[in-house]
Each structure stands twice: as C-alpha cells, then as structure tokens.
file data-v4.tsv (TSV, C-alpha atoms and all ligand atoms)
chain	number	residue	atom	x	y	z
C	1	MET	CA	-3.52	-13.83	-3.78
C	2	ASN	CA	-2.98	-17.31	-5.21
C	3	LEU	CA	0.53	-18.19	-4.03
C	4	ASN	CA	0.43	-21.77	-5.27
C	5	ARG	CA	1.59	-20.85	-8.72
C	6	VAL	CA	4.48	-18.85	-10.14
C	7	LEU	CA	3.34	-15.22	-10.27
C	8	THR	CA	5.38	-12.94	-12.51
C	9	LEU	CA	6.02	-9.29	-11.69
C	10	ASN	CA	3.65	-8.10	-14.42
C	11	GLU	CA	0.87	-10.48	-13.31
C	12	PHE	CA	1.33	-9.29	-9.71
C	13	ILE	CA	1.28	-5.61	-10.73
C	14	ILE	CA	-1.92	-6.10	-12.71
C	15	GLU	CA	-3.58	-8.14	-9.95
C	16	ARG	CA	-2.73	-5.46	-7.38
C	17	GLN	CA	-3.67	-2.61	-9.73
C	18	SER	CA	-7.32	-3.19	-8.95
C	19	GLU	CA	-6.57	-2.02	-5.38
C	20	PHE	CA	-5.83	1.48	-6.67
C	21	PRO	CA	-9.02	3.43	-7.27
C	22	TYR	CA	-8.99	5.37	-10.52
C	23	ALA	CA	-5.67	3.72	-11.42
C	24	LYS	CA	-5.52	3.52	-15.19
C	25	GLY	CA	-2.37	1.44	-15.31
C	26	GLU	CA	0.16	4.27	-15.63
C	27	LEU	CA	2.05	3.27	-12.48
C	28	SER	CA	1.87	-0.37	-13.54
C	29	ARG	CA	3.44	0.51	-16.89
C	30	LEU	CA	6.18	2.48	-15.14
C	31	LEU	CA	7.03	-0.42	-12.81
C	32	SER	CA	7.04	-2.86	-15.72
C	33	HIS	CA	9.48	-0.68	-17.66
C	34	ILE	CA	11.77	-0.50	-14.62
C	35	GLY	CA	11.63	-4.30	-14.64
C	36	ILE	CA	12.68	-4.38	-18.31
C	37	ALA	CA	15.68	-2.11	-17.73
C	38	SER	CA	16.66	-4.21	-14.70
C	39	LYS	CA	16.85	-7.34	-16.85
C	40	ILE	CA	19.14	-5.57	-19.32
C	41	VAL	CA	21.41	-4.34	-16.52
C	42	HIS	CA	21.31	-7.84	-14.98
C	43	ARG	CA	22.56	-9.28	-18.29
C	44	GLU	CA	25.54	-6.91	-18.40
C	45	VAL	CA	26.37	-7.20	-14.68
C	46	ASN	CA	26.33	-10.99	-14.95
C	47	LYS	CA	28.84	-11.09	-17.78
C	48	ALA	CA	30.97	-8.17	-16.55
C	49	GLY	CA	34.55	-9.32	-16.60
C	50	LEU	CA	33.96	-11.22	-19.83
C	51	VAL	CA	33.29	-8.11	-21.86
C	52	ASP	CA	34.80	-4.69	-21.80
C	53	ILE	CA	32.28	-3.15	-19.40
C	54	LEU	CA	34.26	-3.15	-16.20
C	55	GLY	CA	36.60	-0.45	-15.06
C	56	GLU	CA	36.38	3.30	-15.17
C	57	ILE	CA	35.47	5.66	-17.94
C	58	GLY	CA	37.97	8.17	-16.62
C	59	GLU	CA	35.32	10.74	-15.66
C	60	MET	CA	33.86	11.96	-12.38
C	61	ASN	CA	30.15	12.06	-11.63
C	62	VAL	CA	28.43	14.87	-9.82
C	63	GLN	CA	29.39	13.21	-6.52
C	64	GLY	CA	33.07	13.52	-7.37
C	65	GLU	CA	33.18	9.72	-7.65
C	66	ILE	CA	34.98	7.94	-10.47
C	67	GLN	CA	32.32	6.77	-12.93
C	68	LYS	CA	32.45	3.11	-13.85
C	69	LYS	CA	31.38	1.91	-17.28
C	70	LEU	CA	28.53	-0.09	-15.71
C	71	ASP	CA	27.35	3.02	-13.82
C	72	VAL	CA	26.92	4.90	-17.08
C	73	PHE	CA	25.43	1.87	-18.86
C	74	ALA	CA	22.82	1.39	-16.12
C	75	ASP	CA	22.00	5.11	-16.08
C	76	GLU	CA	21.39	5.06	-19.84
C	77	GLN	CA	19.25	1.91	-19.68
C	78	PHE	CA	16.93	3.21	-16.99
C	79	ILE	CA	16.61	6.64	-18.58
C	80	SER	CA	15.61	5.15	-21.93
C	81	ALA	CA	13.19	2.64	-20.35
C	82	LEU	CA	11.50	5.34	-18.27
C	83	MET	CA	11.24	7.65	-21.29
C	84	ALA	CA	9.76	4.82	-23.38
C	85	SER	CA	7.10	4.15	-20.72
C	86	GLY	CA	5.42	7.44	-21.58
C	87	GLU	CA	4.38	7.70	-17.92
C	88	CYS	CA	7.50	9.50	-16.63
C	89	CYS	CA	8.17	13.16	-17.47
C	90	GLY	CA	11.55	13.47	-15.77
C	91	ILE	CA	14.32	11.84	-13.74
C	92	ALA	CA	16.79	12.81	-11.04
C	93	SER	CA	19.76	10.44	-11.13
C	94	GLU	CA	22.87	10.10	-8.99
C	95	GLU	CA	24.86	10.17	-12.21
C	96	ASN	CA	23.55	13.53	-13.43
C	97	GLN	CA	24.03	17.00	-11.96
C	98	ASP	CA	20.59	18.30	-12.95
C	99	ILE	CA	17.16	16.81	-13.55
C	100	ILE	CA	16.57	15.13	-16.91
C	101	THR	CA	13.27	16.23	-18.48
C	102	PHE	CA	11.60	14.34	-21.31
C	103	ASP	CA	10.29	16.61	-24.06
C	104	GLY	CA	8.54	14.06	-26.24
C	105	GLU	CA	4.78	14.48	-26.74
C	106	LEU	CA	4.05	11.19	-24.93
C	107	ALA	CA	6.42	11.75	-22.00
C	108	LYS	CA	5.41	15.38	-21.41
C	109	ASP	CA	1.97	14.05	-20.43
C	110	GLY	CA	3.61	11.69	-17.94
C	111	LYS	CA	2.11	12.02	-14.46
C	112	TYR	CA	5.18	10.74	-12.61
C	113	ILE	CA	8.80	11.59	-11.92
C	114	VAL	CA	11.50	9.14	-10.84
C	115	THR	CA	14.55	9.59	-8.62
C	116	MET	CA	17.16	6.85	-8.92
C	117	ASP	CA	20.61	5.59	-8.16
C	118	PRO	CA	21.07	3.49	-11.30
C	119	LEU	CA	23.92	1.41	-9.92
C	120	ASP	CA	24.64	1.80	-6.23
C	121	GLY	CA	27.80	0.31	-4.72
C	122	SER	CA	30.05	1.02	-7.69
C	123	SER	CA	33.21	0.34	-5.70
C	124	ASN	CA	32.08	-3.29	-5.61
C	125	ILE	CA	31.48	-3.72	-9.35
C	126	ASP	CA	35.01	-4.75	-10.32
C	127	VAL	CA	35.37	-7.16	-7.39
C	128	ASN	CA	32.17	-9.13	-8.01
C	129	VAL	CA	30.31	-8.05	-4.89
C	130	SER	CA	26.55	-7.39	-4.93
C	131	ILE	CA	25.40	-4.01	-6.26
C	132	GLY	CA	21.97	-2.51	-6.78
C	133	THR	CA	19.61	-0.05	-8.42
C	134	ILE	CA	17.42	2.12	-6.17
C	135	PHE	CA	14.33	4.04	-7.39
C	136	ALA	CA	11.49	6.15	-6.09
C	137	ILE	CA	8.36	7.30	-7.94
C	138	TYR	CA	6.41	10.50	-7.19
C	139	ARG	CA	3.41	12.19	-8.82
C	140	ARG	CA	4.53	15.37	-10.56
C	141	LEU	CA	3.42	18.69	-9.00
C	142	SER	CA	3.93	20.86	-12.11
C	143	PRO	CA	1.19	20.99	-14.78
C	144	ILE	CA	0.93	17.99	-17.11
C	145	GLY	CA	1.92	18.70	-20.70
C	146	HIS	CA	4.84	20.89	-19.70
C	147	LYS	CA	8.44	20.13	-18.78
C	148	ALA	CA	9.08	18.66	-15.33
C	149	LYS	CA	10.39	21.22	-12.84
C	150	LEU	CA	12.82	21.00	-9.91
C	151	GLU	CA	9.86	21.29	-7.49
C	152	ASP	CA	8.61	17.93	-8.76
C	153	PHE	CA	11.73	16.30	-7.32
C	154	LEU	CA	12.08	18.14	-4.00
C	155	GLN	CA	9.10	16.41	-2.37
C	156	GLU	CA	9.15	14.77	1.04
C	157	GLY	CA	9.59	10.99	1.06
C	158	THR	CA	6.04	10.63	2.39
C	159	LYS	CA	4.86	11.69	-1.10
C	160	GLN	CA	6.38	8.62	-2.79
C	161	VAL	CA	3.79	6.51	-4.64
C	162	ALA	CA	6.27	3.64	-5.09
C	163	ALA	CA	9.86	2.79	-4.22
C	164	GLY	CA	12.13	-0.18	-4.64
C	165	TYR	CA	15.49	-1.64	-5.47
C	166	ILE	CA	16.99	-4.29	-7.67
C	167	ILE	CA	19.84	-6.27	-6.10
C	168	TYR	CA	22.29	-7.92	-8.51
C	169	GLY	CA	23.64	-10.62	-6.20
C	170	SER	CA	23.70	-14.42	-6.04
C	171	SER	CA	20.36	-13.94	-7.77
C	172	THR	CA	18.80	-10.77	-9.15
C	173	MET	CA	15.79	-9.58	-7.16
C	174	MET	CA	13.39	-6.68	-7.39
C	175	VAL	CA	11.91	-5.55	-4.06
C	176	TYR	CA	9.30	-2.78	-4.15
C	177	THR	CA	6.33	-1.19	-2.43
C	178	THR	CA	3.39	0.91	-3.59
C	179	GLY	CA	2.29	1.59	-0.01
C	180	ARG	CA	0.58	-1.74	0.53
C	181	GLY	CA	3.43	-3.79	1.92
C	182	VAL	CA	6.75	-4.94	0.46
C	183	ASN	CA	7.12	-7.79	-2.04
C	184	GLY	CA	10.21	-9.43	-3.55
C	185	PHE	CA	10.58	-10.93	-7.02
C	186	THR	CA	13.48	-13.14	-8.09
C	187	LEU	CA	14.57	-13.13	-11.73
C	188	ASP	CA	14.28	-16.56	-13.33
C	189	PRO	CA	16.80	-16.26	-16.20
C	190	SER	CA	15.38	-19.40	-17.86
C	191	ILE	CA	12.13	-17.54	-18.60
C	192	GLY	CA	13.42	-13.96	-18.29
C	193	GLU	CA	10.75	-13.08	-15.75
C	194	PHE	CA	10.82	-11.68	-12.22
C	195	CYS	CA	8.74	-14.17	-10.17
C	196	LEU	CA	7.17	-13.51	-6.75
C	197	SER	CA	9.47	-15.14	-4.20
C	198	HIS	CA	9.09	-13.03	-1.02
C	199	TYR	CA	5.43	-12.14	-0.43
C	200	ASN	CA	4.59	-9.40	2.07
C	201	ILE	CA	8.07	-9.00	3.60
C	202	GLN	CA	7.96	-8.01	7.31
C	203	THR	CA	11.32	-7.12	8.85
C	204	PRO	CA	12.00	-8.50	12.39
C	205	GLN	CA	11.26	-5.87	15.09
C	206	ASN	CA	14.63	-6.65	16.64
C	207	GLY	CA	17.84	-8.20	15.37
C	208	SER	CA	21.51	-8.88	16.04
C	209	ILE	CA	23.26	-7.50	12.95
C	210	TYR	CA	24.70	-3.99	12.78
C	211	SER	CA	26.12	-2.52	9.58
C	212	ILE	CA	28.47	0.47	9.72
C	213	ASN	CA	31.86	1.42	8.28
C	214	GLU	CA	33.88	1.24	11.49
C	215	GLY	CA	36.84	2.71	9.64
C	216	ASN	CA	35.21	6.07	10.43
C	217	TYR	CA	35.00	5.23	14.17
C	218	ILE	CA	37.24	8.04	15.44
C	219	LYS	CA	34.99	10.70	13.94
C	220	PHE	CA	31.64	9.15	14.88
C	221	PRO	CA	29.42	11.18	17.24
C	222	GLU	CA	29.90	9.94	20.85
C	223	GLY	CA	26.35	8.57	20.98
C	224	VAL	CA	27.12	6.33	17.99
C	225	LYS	CA	30.27	5.08	19.74
C	226	ARG	CA	28.12	4.24	22.77
C	227	TYR	CA	25.71	2.28	20.56
C	228	LEU	CA	28.56	0.30	19.00
C	229	LYS	CA	29.84	-0.50	22.51
C	230	TYR	CA	26.31	-1.62	23.43
C	231	CYS	CA	26.28	-3.92	20.38
C	232	GLN	CA	29.66	-5.41	21.29
C	233	GLU	CA	29.02	-6.07	25.00
C	234	ASN	CA	28.10	-9.60	26.08
C	235	ASP	CA	24.54	-9.92	27.24
C	236	GLU	CA	22.69	-13.19	26.74
C	237	GLU	CA	19.37	-11.54	27.57
C	238	THR	CA	19.46	-9.22	24.62
C	239	ASN	CA	21.26	-11.54	22.21
C	240	ARG	CA	24.56	-9.66	22.27
C	241	PRO	CA	27.31	-9.44	21.13
C	242	PHE	CA	25.79	-8.73	17.79
C	243	SER	CA	27.39	-9.55	14.46
C	244	SER	CA	28.98	-6.80	12.39
C	245	ARG	CA	28.15	-7.17	8.69
C	246	TYR	CA	29.14	-4.45	6.19
C	247	ILE	CA	29.41	-4.93	2.43
C	248	GLY	CA	29.76	-1.28	1.43
C	249	SER	CA	26.78	-1.58	-0.90
C	250	LEU	CA	23.64	-0.04	0.61
C	251	VAL	CA	21.21	-2.27	-1.26
C	252	ALA	CA	23.05	-5.46	-0.22
C	253	ASP	CA	23.44	-4.39	3.42
C	254	PHE	CA	19.82	-3.25	3.64
C	255	HIS	CA	18.41	-6.34	1.89
C	256	ARG	CA	20.15	-8.71	4.33
C	257	ASN	CA	18.96	-6.72	7.34
C	258	LEU	CA	15.42	-6.43	5.93
C	259	LEU	CA	15.09	-10.22	5.78
C	260	LYS	CA	17.09	-11.19	8.89
C	261	GLY	CA	16.69	-8.15	11.14
C	262	GLY	CA	19.41	-5.59	11.72
C	263	ILE	CA	20.38	-1.93	11.62
C	264	PHE	CA	22.33	0.03	8.99
C	265	LEU	CA	24.00	3.22	10.19
C	266	TYR	CA	25.75	5.91	8.16
C	267	PRO	CA	26.33	8.74	10.69
C	268	SER	CA	27.95	12.07	9.98
C	269	THR	CA	31.73	11.59	9.61
C	270	ALA	CA	34.75	13.86	9.03
C	271	THR	CA	34.51	13.29	5.29
C	272	TYR	CA	30.72	13.58	5.22
C	273	PRO	CA	29.63	15.95	8.04
C	274	LYS	CA	25.99	15.67	6.84
C	275	GLY	CA	26.22	11.94	6.24
C	276	LYS	CA	27.21	10.33	2.93
C	277	LEU	CA	23.97	8.86	1.66
C	278	ARG	CA	21.69	10.91	-0.58
C	279	LEU	CA	18.15	11.69	0.54
C	280	LEU	CA	16.31	11.64	-2.79
C	281	TYR	CA	17.47	8.39	-4.37
C	282	GLU	CA	18.99	6.34	-1.53
C	283	CYS	CA	17.50	7.22	1.87
C	284	ASN	CA	13.89	8.02	0.89
C	285	PRO	CA	13.19	4.86	-1.15
C	286	ILE	CA	14.99	2.61	1.36
C	287	SER	CA	13.13	4.32	4.24
C	288	TYR	CA	9.74	3.85	2.53
C	289	LEU	CA	10.49	0.13	2.13
C	290	ALA	CA	11.73	-0.15	5.73
C	291	GLU	CA	8.57	1.45	7.15
C	292	GLN	CA	6.27	-0.57	4.89
C	293	ALA	CA	8.00	-3.72	6.21
C	294	GLY	CA	7.50	-2.61	9.85
C	295	GLY	CA	10.93	-1.07	10.37
C	296	LYS	CA	12.12	2.48	11.06
C	297	ALA	CA	14.32	5.08	9.36
C	298	THR	CA	15.57	8.32	10.94
C	299	ASP	CA	18.48	10.75	10.93
C	300	GLY	CA	19.65	9.36	14.27
C	301	ARG	CA	18.13	12.20	16.27
C	302	GLY	CA	14.45	11.38	16.05
C	303	ARG	CA	13.70	12.97	12.69
C	304	ARG	CA	11.85	10.58	10.38
C	305	ILE	CA	13.68	10.47	7.02
C	306	LEU	CA	10.42	10.52	5.06
C	307	ASP	CA	9.38	13.81	6.68
C	308	ILE	CA	12.48	15.73	5.57
C	309	LYS	CA	11.75	18.43	2.97
C	310	PRO	CA	14.63	18.24	0.45
C	311	ASP	CA	16.60	21.43	-0.30
C	312	SER	CA	18.58	20.07	-3.24
C	313	LEU	CA	18.77	17.08	-5.59
C	314	HIS	CA	21.92	15.54	-4.12
C	315	GLN	CA	21.35	16.44	-0.48
C	316	ARG	CA	23.00	14.09	2.02
C	317	VAL	CA	21.58	13.03	5.42
C	318	PRO	CA	22.77	10.86	8.32
C	319	PHE	CA	20.98	7.52	7.92
C	320	TYR	CA	19.83	4.98	10.55
C	321	VAL	CA	17.50	2.32	9.16
C	322	GLY	CA	16.30	-1.18	9.99
C	323	SER	CA	14.63	-3.12	12.80
C	324	ARG	CA	12.50	-0.72	14.81
C	325	GLN	CA	13.84	-1.63	18.26
C	326	MET	CA	17.47	-1.39	17.08
C	327	VAL	CA	17.00	2.05	15.53
C	328	GLU	CA	15.19	3.22	18.69
C	329	ARG	CA	17.99	1.88	20.94
C	330	ALA	CA	20.64	3.66	18.87
C	331	GLU	CA	18.66	6.91	19.00
C	332	ASP	CA	18.13	6.62	22.75
C	333	LEU	CA	21.90	6.47	23.32
C	334	ILE	CA	22.60	9.31	20.87
C	335	ILE	CA	19.93	11.60	22.34
C	336	GLN	CA	20.90	10.65	25.93
C	337	TYR	CA	24.50	11.70	25.28
C	338	GLU	CA	23.40	14.99	23.74
C	339	LYS	CA	21.29	15.72	26.84
C	340	GLU	CA	24.33	14.99	29.02
C	341	ILE	CA	26.59	17.44	27.18
C	342	ASN	CA	23.84	20.04	27.07
C	343	GLY	CA	23.38	19.63	30.84
C	344	LYS	CA	19.74	18.64	30.48
C	401	LIG	P1	31.67	3.83	2.57
C	401	LIG	C1	28.23	3.14	-2.24
C	401	LIG	O1	29.17	4.06	-2.76
C	401	LIG	C2	27.43	3.86	-1.18
C	401	LIG	O2	26.79	4.97	-1.72
C	401	LIG	C3	26.41	2.91	-0.55
C	401	LIG	O3	25.99	1.94	-1.42
C	401	LIG	C4	27.19	2.31	0.62
C	401	LIG	O4	26.34	1.94	1.70
C	401	LIG	C5	28.12	3.46	1.03
C	401	LIG	O5	28.29	4.29	-0.12
C	401	LIG	C6	29.47	2.94	1.48
C	401	LIG	O6	30.24	4.06	1.88
C	401	LIG	O7	32.10	5.23	2.97
C	401	LIG	O8	31.47	2.94	3.77
C	401	LIG	O9	32.53	3.20	1.52

call {"tool": "encode", "arguments": {"input": "data-v4.tsv", "output": "structure tokens"}}
result
Amino acid sequence: MNLNRVLTLNEFIIERQSEFPYAKGELSRLLSHIGIASKIVHREVNKAGLVDILGEIGEMNVQGEIQKKLDVFADEQFISALMASGECCGIASEENQDIITFDGELAKDGKYIVTMDPLDGSSNIDVNVSIGTIFAIYRRLSPIGHKAKLEDFLQEGTKQVAAGYIIYGSSTMMVYTTGRGVNGFTLDPSIGEFCLSHYNIQTPQNGSIYSINEGNYIKFPEGVKRYLKYCQENDEETNRPFSSRYIGSLVADFHRNLLKGGIFLYPSTATYPKGKLRLLYECNPISYLAEQAGGKATDGRGRRILDIKPDSLHQRVPFYVGSRQMVERAEDLIIQYEKEINGK
C-alpha cells in the first residue's frame, strides 16, 4: 500500500478488491455508493441551520422517537444510493418499521442487503454536536432474482461482509472494514473525495475513558455500579481515575474511544430493560469494527455481540464495547456480583 500519496476511497476499494477472490466489484460498487450518499448528507448537515432542514417533522419513527428533518433526508439519500448501486436488494433502516425491498430488475439481482441507522444521534442535530451514519452489509440468503426476505436481515453479526460509519464532526470521516482491518477516510471538501487518513486502525488494548449515561445510574445493574466505582477510584498503577466522556451520539463516542482507547457502556436501564441500542444497525456494525481493530464487544455478561442470532429487526441489546482489557474488567465485576447473589 503506497501511503506516500493521497489515496481516495474509490482507489483504496479497488486496490483492496484484488484481495477478494472471485470478487467482481459488487461490494466495491456498494461501498462507493454509500460514499456518494455520505457526501450528500455531509453537505446538508454542514449547512443545517442555514436552511430549513433542522427541527422536527412532527412524526414519530418506529422507535417512538421524534423524527428530525435530517433523519428523514439521510434515510432517503441512502435508500436511493443503495438502490441505484444495483448491488443491494433490500434495506433495514432505523427509520422504517419493516424491511425495504427493491423490485427493480437490476436491484432484484443484488447479492447484498444493508442494515443502517441513517443518522444516529438525532438529539444532537439541532445543537451542532457530531452525529453519524452506521451501516452493515450482508450477503442475501434468499434466492437472487426474487424479493429480499426478512431472513436475509436476521443474520448473526459474524455474517457481515462489511460494516462502517460516517461521522459528521469537525471533519466528515468514513471508517469501515471488510474483514481485513479498519481504515478511516477523511472527506476533503475541496476535491469532494474521501481520502485515506487513518490506515489500519488498531484500538489501544487498555484505556482511561469510560462513556456511559450516568443519569441512569440508579437503575444500573449492581455490577455496572461496581465498575463505575472502579473507574473513579484513585490508583496510579492502573491509570485511574479515568475520564468520563459521553456525547450521547454512539458514533462520536465510539470513534473517540476507538482512536484513544476507552469503553462505551449502554447497560439495561429502567427505560430500556434490554438495553437501548439496536443490534442490527448499531451494535453489530460497531462490534465488527471494534473486533477488527483489536477491541471487544459483548452484552456485558460474556456473550459476544456478533454471535447473537437476531429475533427481530429492531431488537435491542445491552452494549459494552471498546478496549479489550476495559470490557473484560467490566464483565469480571458484573459476573462476579452475579455469582455473589447466586451464592456461587
Ligand atoms: P441516551 C442516539 O439516540 C443513540 O441511539 C446513540 O447514538 C447514543 O449512544 C444513545 O442513543 C444515547 O442514549 O439514553 O444516553 O440519550
């Protein structure tokens, strides 16, 4: 890989395509179309506030969350880009109750399906805080040439062929994996291209940042409370007290921890007894990236997120992801407490 020159996303995809035996470029086309939609969303996010695209559309999405204009705009952009690629036969989106199947002749022959959160962190849109798009790509299971089926979308995270996110922050970046490491591309608006800026990202095995909404503290499982106490105690040996950093936008919190080291925790809470984050289009893609970068992602009780067989499109799971040693420490305390109360 010649890193002495600017490498655009498309050049990188094509250069790496040769690593995929029998790859005929379908996945490359799909990733390139996701890149195109990201640039369009970037353009609108970056001028939000100047044009009438902020605020709410006065409707609820399937999550019971108020839909923002930018949510719907991003959803529409990614759906049309994925349909135009001709490689995707269907989508599961946070913004839509059911799967979206593409009936066009070209798309029906698509070998892939996509799960996505078109604009994650909506509560931050109107206050100019980083937000993101999260996507995962799977091979379809149903026969090519026919409509995509629900079974195509309820695959374990280990079946992902690619996953990534776009973070619309101080700069716009696409970070993705196809199972051969994690690479980051920063959008250069002057040329309208995503350019390789973070080659082969490896997340630190340990860290000193923990990300959790401590407003839910009272209802956290006792083991989680013990982990937070562990983070807050002074101990020079293990670099504590840690720093608490929580933006309330999964992509932004994860991206910081991926680069610097850290753990993101969304345990079960009173409001979300099964956890708040969605397995198909938040936890699975983020977990694939975390593992590919040397990190870990579990449900807090030893179950690897990528091994979970989904029951439904919008299924929620408790989510612990980040530096391997931090996730393992949190799990140790959670499992140790459960053994205590079970008298083991
Ligand atoms: P809370 C945004 O709505 C989101 O889905 C994630 O991006 C974020 O990590 C989480 O919810 C924040 O949830 O309950 O802390 O506001």

call {"tool": "closest_atom_pairs", "arguments": {"input": "data-v4.tsv", "of": "chain C", "to": "ligand LIG 401 (chain C)", "cutoff": "8 Å", "atoms": "all atoms listed in the file", "output": "Markdown table"}}
result
| residue | atom | partner | partner_atom | distance |
| --- | --- | --- | --- | --- |
| C:Asp120 | CA | C:LIG401 | O3 | 5.0 |
| C:Gly121 | CA | C:LIG401 | C1 | 3.8 |
| C:Ser122 | CA | C:LIG401 | O1 | 5.9 |
| C:Ser123 | CA | C:LIG401 | O1 | 6.2 |
| C:Ile131 | CA | C:LIG401 | O3 | 7.7 |
| C:Ile212 | CA | C:LIG401 | O8 | 7.1 |
| C:Asn213 | CA | C:LIG401 | O8 | 4.8 |
| C:Gly215 | CA | C:LIG401 | O8 | 8.0 |
| C:Ile247 | CA | C:LIG401 | O4 | 7.6 |
| C:Gly248 | CA | C:LIG401 | C6 | 4.2 |
| C:Ser249 | CA | C:LIG401 | O3 | 3.6 |
| C:Leu250 | CA | C:LIG401 | O4 | 3.5 |
| C:Val251 | CA | C:LIG401 | O3 | 6.4 |
| C:Asp253 | CA | C:LIG401 | O4 | 7.2 |
| C:Tyr266 | CA | C:LIG401 | O4 | 7.6 |
| C:Lys276 | CA | C:LIG401 | O5 | 6.9 |
| C:Leu277 | CA | C:LIG401 | O2 | 5.9 |
| C:Arg278 | CA | C:LIG401 | O2 | 7.9 |
| C:Glu282 | CA | C:LIG401 | O2 | 7.9 |

call {"tool": "closest_residue", "arguments": {"input": "data-v4.tsv", "among": "C:Ala92, C:Leu70, C:Val175, C:Leu9", "to": "C:Ile125", "atoms": "all atoms listed in the file"}}
result
C:Leu70

call {"tool": "closest_residue", "arguments": {"input": "data-v4.tsv", "among": "C:Ile201, C:Glu331, C:Leu196, C:Gly300", "to": "C:Arg5", "atoms": "only C-alpha atoms"}}
result
C:Leu196

call {"tool": "residues_around", "arguments": {"input": "data-v4.tsv", "residues": "C:Val224", "least_positions_apart": "5", "cutoff": "10 Å", "atoms": "all atoms listed in the file", "output": "PyMOL selection string"}}
result
chain C and resi 217+219+229-230+265-268+300+330-331+333-335+337

call {"tool": "residues_around", "arguments": {"input": "data-v4.tsv", "residues": "stretch 153-161 of chain C", "least_positions_apart": "2", "cutoff": "6 Å", "atoms": "only C-alpha atoms", "output": "VMD selection string"}}
result
chain C and resid 137 to 138 150 to 151 178 284 306 to 310

call {"tool": "build_atoms", "arguments": {"input": "data-v4.tsv", "residues": "stretch 297-320 of chain C", "atoms": "N, CA and C atoms", "output": "PDB file, in the frame of the given file"}}
result
ATOM      1  N   ALA C 297      13.215   4.385  10.027  1.00  0.00           N
ATOM      2  CA  ALA C 297      14.320   5.080   9.360  1.00  0.00           C
ATOM      3  C   ALA C 297      14.349   6.534   9.810  1.00  0.00           C
ATOM      4  N   THR C 298      15.475   6.940  10.441  1.00  0.00           N
ATOM      5  CA  THR C 298      15.570   8.320  10.940  1.00  0.00           C
ATOM      6  C   THR C 298      16.969   8.867  10.664  1.00  0.00           C
ATOM      7  N   ASP C 299      17.167  10.127  11.092  1.00  0.00           N
ATOM      8  CA  ASP C 299      18.480  10.750  10.930  1.00  0.00           C
ATOM      9  C   ASP C 299      19.335  10.545  12.183  1.00  0.00           C
ATOM     10  N   GLY C 300      18.881   9.670  13.061  1.00  0.00           N
ATOM     11  CA  GLY C 300      19.650   9.360  14.270  1.00  0.00           C
ATOM     12  C   GLY C 300      19.318  10.258  15.434  1.00  0.00           C
ATOM     13  N   ARG C 301      18.485  11.291  15.166  1.00  0.00           N
ATOM     14  CA  ARG C 301      18.130  12.200  16.270  1.00  0.00           C
ATOM     15  C   ARG C 301      16.617  12.403  16.319  1.00  0.00           C
ATOM     16  N   GLY C 302      15.907  11.358  15.901  1.00  0.00           N
ATOM     17  CA  GLY C 302      14.450  11.380  16.050  1.00  0.00           C
ATOM     18  C   GLY C 302      13.688  11.925  14.879  1.00  0.00           C
ATOM     19  N   ARG C 303      14.419  12.412  13.845  1.00  0.00           N
ATOM     20  CA  ARG C 303      13.700  12.970  12.690  1.00  0.00           C
ATOM     21  C   ARG C 303      13.480  11.862  11.652  1.00  0.00           C
ATOM     22  N   ARG C 304      12.224  11.604  11.366  1.00  0.00           N
ATOM     23  CA  ARG C 304      11.850  10.580  10.380  1.00  0.00           C
ATOM     24  C   ARG C 304      12.363  11.000   9.009  1.00  0.00           C
ATOM     25  N   ILE C 305      13.089  10.132   8.332  1.00  0.00           N
ATOM     26  CA  ILE C 305      13.680  10.470   7.020  1.00  0.00           C
ATOM     27  C   ILE C 305      12.598  10.927   6.052  1.00  0.00           C
ATOM     28  N   LEU C 306      11.458  10.224   6.055  1.00  0.00           N
ATOM     29  CA  LEU C 306      10.420  10.520   5.060  1.00  0.00           C
ATOM     30  C   LEU C 306       9.762  11.883   5.258  1.00  0.00           C
ATOM     31  N   ASP C 307       9.987  12.492   6.436  1.00  0.00           N
ATOM     32  CA  ASP C 307       9.380  13.810   6.680  1.00  0.00           C
ATOM     33  C   ASP C 307      10.278  14.963   6.247  1.00  0.00           C
ATOM     34  N   ILE C 308      11.517  14.660   5.877  1.00  0.00           N
ATOM     35  CA  ILE C 308      12.480  15.730   5.570  1.00  0.00           C
ATOM     36  C   ILE C 308      12.138  16.388   4.225  1.00  0.00           C
ATOM     37  N   LYS C 309      12.004  17.701   4.224  1.00  0.00           N
ATOM     38  CA  LYS C 309      11.750  18.430   2.970  1.00  0.00           C
ATOM     39  C   LYS C 309      13.095  18.677   2.281  1.00  0.00           C
ATOM     40  N   PRO C 310      13.319  18.081   1.106  1.00  0.00           N
ATOM     41  CA  PRO C 310      14.630  18.240   0.450  1.00  0.00           C
ATOM     42  C   PRO C 310      14.905  19.682   0.029  1.00  0.00           C
ATOM     43  N   ASP C 311      16.181  20.088   0.169  1.00  0.00           N
ATOM     44  CA  ASP C 311      16.600  21.430  -0.300  1.00  0.00           C
ATOM     45  C   ASP C 311      17.236  21.337  -1.681  1.00  0.00           C
ATOM     46  N   SER C 312      17.870  20.185  -1.950  1.00  0.00           N
ATOM     47  CA  SER C 312      18.580  20.070  -3.240  1.00  0.00           C
ATOM     48  C   SER C 312      18.576  18.616  -3.698  1.00  0.00           C
ATOM     49  N   LEU C 313      18.887  18.413  -4.982  1.00  0.00           N
ATOM     50  CA  LEU C 313      18.770  17.080  -5.590  1.00  0.00           C
ATOM     51  C   LEU C 313      19.690  16.066  -4.922  1.00  0.00           C
ATOM     52  N   HIS C 314      20.907  16.494  -4.597  1.00  0.00           N
ATOM     53  CA  HIS C 314      21.920  15.540  -4.120  1.00  0.00           C
ATOM     54  C   HIS C 314      22.221  15.720  -2.634  1.00  0.00           C
ATOM     55  N   GLN C 315      21.227  16.195  -1.928  1.00  0.00           N
ATOM     56  CA  GLN C 315      21.350  16.440  -0.480  1.00  0.00           C
ATOM     57  C   GLN C 315      21.674  15.158   0.267  1.00  0.00           C
ATOM     58  N   ARG C 316      22.625  15.266   1.226  1.00  0.00           N
ATOM     59  CA  ARG C 316      23.000  14.090   2.020  1.00  0.00           C
ATOM     60  C   ARG C 316      22.401  14.197   3.424  1.00  0.00           C
ATOM     61  N   VAL C 317      22.096  13.050   4.037  1.00  0.00           N
ATOM     62  CA  VAL C 317      21.580  13.030   5.420  1.00  0.00           C
ATOM     63  C   VAL C 317      22.221  11.871   6.184  1.00  0.00           C
ATOM     64  N   PRO C 318      22.372  12.026   7.519  1.00  0.00           N
ATOM     65  CA  PRO C 318      22.770  10.860   8.320  1.00  0.00           C
ATOM     66  C   PRO C 318      21.652   9.821   8.232  1.00  0.00           C
ATOM     67  N   PHE C 319      21.990   8.534   8.239  1.00  0.00           N
ATOM     68  CA  PHE C 319      20.980   7.520   7.920  1.00  0.00           C
ATOM     69  C   PHE C 319      21.053   6.357   8.898  1.00  0.00           C
ATOM     70  N   TYR C 320      19.943   6.103   9.610  1.00  0.00           N
ATOM     71  CA  TYR C 320      19.830   4.980  10.550  1.00  0.00           C
ATOM     72  C   TYR C 320      18.559   4.249  10.149  1.00  0.00           C
TER      73      TYR C 320
END
